Amino acid sequence: MDLHGKQILVTRAKAQASALSLKIKELGGIPIEMPLITCKEVADKAVINNVLELIHTYDWLVFTSKNGVDFFFQELRNFNESITLPTSCKIAVVGQKTEEVLVSYGLTADLIPEKYVAESLLESLLKVVKKGEQVLIPRGNLARNVIPEGLRNHEIDVTDLDVYETVIEKKSKEQLYQLIKDGKIDVVTFTSSSTVDNFVQLLEGTNWRSYIGNIIFASIGPITTKTMLKHLLPVHTEPEEYTIQGMLRSVADKLKEE
């Protein structure tokens, strides 16, 4: 697997970009970090604190992203450092990378779906969560409603709690447009629907679509692909395994065809 010195745009938030950039370098590529989103804590803590006061009442804690884990435990610490999760509370995560962050807090997941997408996690949860059980889903303000709605449809009590906000990184606009116009980007990687939305929104008002004919656009999975198609972006690669490693492998395979 080789990325042939190709210049690869990394669109993740700054805090998550380094892991992807490191893998790109390891495979011979040149990462160009251009965060299109920034994640920040929720300013109004009232709702968060009300939920954390009742943390002992939840049967399941469901994390759909690494950010959800980090921001949740940050809020838990800020609220009361002495609070710990009840031993009876089970934890579900959307994928392997989310579990790795969970492990850094001294916890392990009780449930990881076969495929690392919300739909697969919902399917797995419905097999083990019982009616009447309390489920807490700490997440971002732009998270999809697949899991909470799916659980509620099966008469399961759900609290979806925004523990962070995702906002567009407006200062990246001029630099991003110039790189595309000058042909300095060989591959664009999208790791979430929000990065796709912000990519298109950020470039509004420019003629960027005129310069993307030679760029390979890579999606991390089917949900991101759907958003790319909604914005009329080409989808040149989508991996079978919805991970960074899988996405880069699919990019390398695509480059071999070039």
# chains A, B, ... in the order shown; residues from 1 in each chain; ligands from 1
$ residues_around --residues "Leu233 (chain A)" --least-positions-apart "5" --cutoff "12 Å" --atoms "only C-alpha atoms" --output "PyMOL selection string"
chain A and resi 188+190+196-197+199-200+208-209+212-213+215-219+224-228
$ write_last_selection --atoms "C-alpha atoms" --output "PDB file, in the first residue's frame"
ATOM      1  CA  VAL A 188      -9.476  14.871  -0.641  1.00  0.00           C
ATOM      2  CA  PHE A 190     -13.771  12.964   4.034  1.00  0.00           C
ATOM      3  CA  VAL A 196     -18.367  17.246   3.432  1.00  0.00           C
ATOM      4  CA  ASP A 197     -21.038  19.823   4.296  1.00  0.00           C
ATOM      5  CA  PHE A 199     -16.143  21.723   2.514  1.00  0.00           C
ATOM      6  CA  VAL A 200     -18.955  22.725   0.139  1.00  0.00           C
ATOM      7  CA  TRP A 208     -13.865  25.636  -7.183  1.00  0.00           C
ATOM      8  CA  ARG A 209     -15.757  22.949  -9.127  1.00  0.00           C
ATOM      9  CA  ILE A 212     -11.434  19.414  -9.294  1.00  0.00           C
ATOM     10  CA  GLY A 213     -11.260  17.253 -12.443  1.00  0.00           C
ATOM     11  CA  ILE A 215      -8.715  15.228  -7.698  1.00  0.00           C
ATOM     12  CA  ILE A 216      -9.583  11.858  -6.142  1.00  0.00           C
ATOM     13  CA  PHE A 217     -12.388  12.211  -3.581  1.00  0.00           C
ATOM     14  CA  ALA A 218     -12.324   9.560  -0.843  1.00  0.00           C
ATOM     15  CA  SER A 219     -15.151   8.683   1.529  1.00  0.00           C
ATOM     16  CA  THR A 224     -20.340  10.160   4.181  1.00  0.00           C
ATOM     17  CA  THR A 225     -20.765   8.942   0.593  1.00  0.00           C
ATOM     18  CA  LYS A 226     -24.467   9.784   0.692  1.00  0.00           C
ATOM     19  CA  THR A 227     -23.645  13.354   1.777  1.00  0.00           C
ATOM     20  CA  MET A 228     -21.018  13.673  -0.974  1.00  0.00           C
TER      21      MET A 228
END
$ residues_around --residues "region 243-251 of chain A" --least-positions-apart "3" --cutoff "8 Å" --atoms "only C-alpha atoms" --output "list in words"
Met1, Leu3, Leu20, Lys23, Ile24, Tyr116, Thr191, Ala218, Ser219, Ile220, Gly221, Thr237, Glu238, Pro239, Glu240, Lys254 and Leu255 of chain A
$ select_by_dssp --residues "region 59-253 of chain A" --states "strand (DSSP E or B)" --output "ChimeraX atom specification"
/A:60-63,90-93,111,134-140,157-168,187-190,216-219,237
$ select_by_dssp --residues "region 122-233 of chain A" --states "helix (DSSP H, G or I)" --output "MDAnalysis selection string"
chainID A and resid 122:128 146:152 170:181 193:202 208:211 222:230
$ write_last_selection --atoms "C-alpha atoms" --output "compact mmCIF listing (two decimals), in the first residue's frame"
# COMPACT_ATOMS: atom_id res chain seq x y z
CA LEU A 122 -28.55 0.40 16.43
CA GLU A 123 -29.12 -3.14 15.17
CA SER A 124 -26.72 -4.50 17.81
CA LEU A 125 -28.31 -2.44 20.61
CA LEU A 126 -31.81 -3.63 19.78
CA LYS A 127 -30.66 -7.20 20.41
CA VAL A 128 -29.54 -6.51 23.99
CA VAL A 146 -30.65 7.15 13.69
CA ILE A 147 -29.87 5.59 17.08
CA PRO A 148 -32.11 7.64 19.43
CA GLU A 149 -35.09 7.44 17.05
CA GLY A 150 -34.55 3.74 16.41
CA LEU A 151 -34.42 2.95 20.12
CA ARG A 152 -37.48 5.07 20.91
CA LYS A 170 -14.14 29.80 8.25
CA LYS A 171 -10.49 30.90 8.25
CA SER A 172 -9.59 27.92 6.03
CA LYS A 173 -11.58 29.22 3.04
CA GLU A 174 -9.00 31.24 1.09
CA GLN A 175 -6.18 28.74 1.56
CA LEU A 176 -8.39 25.80 0.59
CA TYR A 177 -9.61 27.49 -2.59
CA GLN A 178 -6.07 28.47 -3.60
CA LEU A 179 -4.74 24.93 -3.12
CA ILE A 180 -7.53 23.51 -5.30
CA LYS A 181 -7.10 26.20 -7.96
CA SER A 193 -20.76 14.04 6.71
CA SER A 194 -20.02 17.30 8.52
CA THR A 195 -16.62 17.62 6.81
CA VAL A 196 -18.37 17.25 3.43
CA ASP A 197 -21.04 19.82 4.30
CA ASN A 198 -18.44 22.29 5.52
CA PHE A 199 -16.14 21.72 2.51
CA VAL A 200 -18.95 22.73 0.14
CA GLN A 201 -20.24 25.54 2.37
CA LEU A 202 -16.75 26.97 2.82
CA TRP A 208 -13.86 25.64 -7.18
CA ARG A 209 -15.76 22.95 -9.13
CA SER A 210 -13.90 24.05 -12.28
CA TYR A 211 -10.60 22.82 -10.81
CA PRO A 222 -21.68 4.96 3.16
CA ILE A 223 -23.13 7.80 5.26
CA THR A 224 -20.34 10.16 4.18
CA THR A 225 -20.76 8.94 0.59
CA LYS A 226 -24.47 9.78 0.69
CA THR A 227 -23.65 13.35 1.78
CA MET A 228 -21.02 13.67 -0.97
CA LEU A 229 -23.56 12.60 -3.60
CA LYS A 230 -26.10 15.05 -2.17
$ closest_residue --among "A:Gly95, A:Gly68, A:Gly29, A:Gly140" --to "Glu241 (chain A)" --atoms "only C-alpha atoms"
A:Gly95
$ residues_around --residues "Tyr164 (chain A)" --least-positions-apart "6" --cutoff "6 Å" --atoms "only C-alpha atoms" --output "count of residues only"
4
$ closest_residue --among "A:Leu232, A:Met34, A:Ala19, A:Leu27" --to "Glu169 (chain A)" --atoms "only C-alpha atoms"
A:Met34
$ closest_residue --among "A:Ile48, A:Val93, A:Val235, A:Val62" --to "Thr189 (chain A)" --atoms "only C-alpha atoms"
A:Val235
$ atom_distance --atom1 "CA of Arg144 (chain A)" --atom2 "CA of Cys39 (chain A)"
16.0 Å
$ residues_around --residues "Thr64 (chain A)" --least-positions-apart "3" --cutoff "9 Å" --atoms "only C-alpha atoms" --output "list in words"
Asn67, Gly68, Val69, Ala92, Val93, Val94, Gly95, Thr98, Val117, Ala118, Leu121, Ile137, Pro138, Arg139 and Ala143 of chain A
$ write_last_selection --atoms "C-alpha atoms" --output "mmCIF file, in the first residue's frame"
data_model
loop_
_atom_site.group_PDB
_atom_site.id
_atom_site.type_symbol
_atom_site.label_atom_id
_atom_site.label_comp_id
_atom_site.auth_asym_id
_atom_site.auth_seq_id
_atom_site.Cartn_x
_atom_site.Cartn_y
_atom_site.Cartn_z
ATOM 1 C CA ASN A 67 -15.313 13.382 20.502
ATOM 2 C CA GLY A 68 -18.393 12.170 22.352
ATOM 3 C CA VAL A 69 -16.183 10.183 24.725
ATOM 4 C CA ALA A 92 -21.626 0.666 23.594
ATOM 5 C CA VAL A 93 -19.350 2.337 21.025
ATOM 6 C CA VAL A 94 -19.688 2.796 17.269
ATOM 7 C CA GLY A 95 -16.235 1.423 16.409
ATOM 8 C CA THR A 98 -13.954 5.159 19.724
ATOM 9 C CA VAL A 117 -21.789 2.930 11.417
ATOM 10 C CA ALA A 118 -24.811 4.077 13.423
ATOM 11 C CA LEU A 121 -24.773 -0.072 16.211
ATOM 12 C CA ILE A 137 -26.144 9.079 24.230
ATOM 13 C CA PRO A 138 -23.543 11.872 24.671
ATOM 14 C CA ARG A 139 -22.881 13.374 21.247
ATOM 15 C CA ALA A 143 -25.090 14.004 15.136
#
$ atom_distance --atom1 "CA of Ser120 (chain A)" --atom2 "CA of Thr108 (chain A)"
19.0 Å
$ closest_residue --among "A:Ala43, A:Leu76, A:Ala252, A:Ile37" --to "Asp186 (chain A)" --atoms "only C-alpha atoms"
A:Ala252
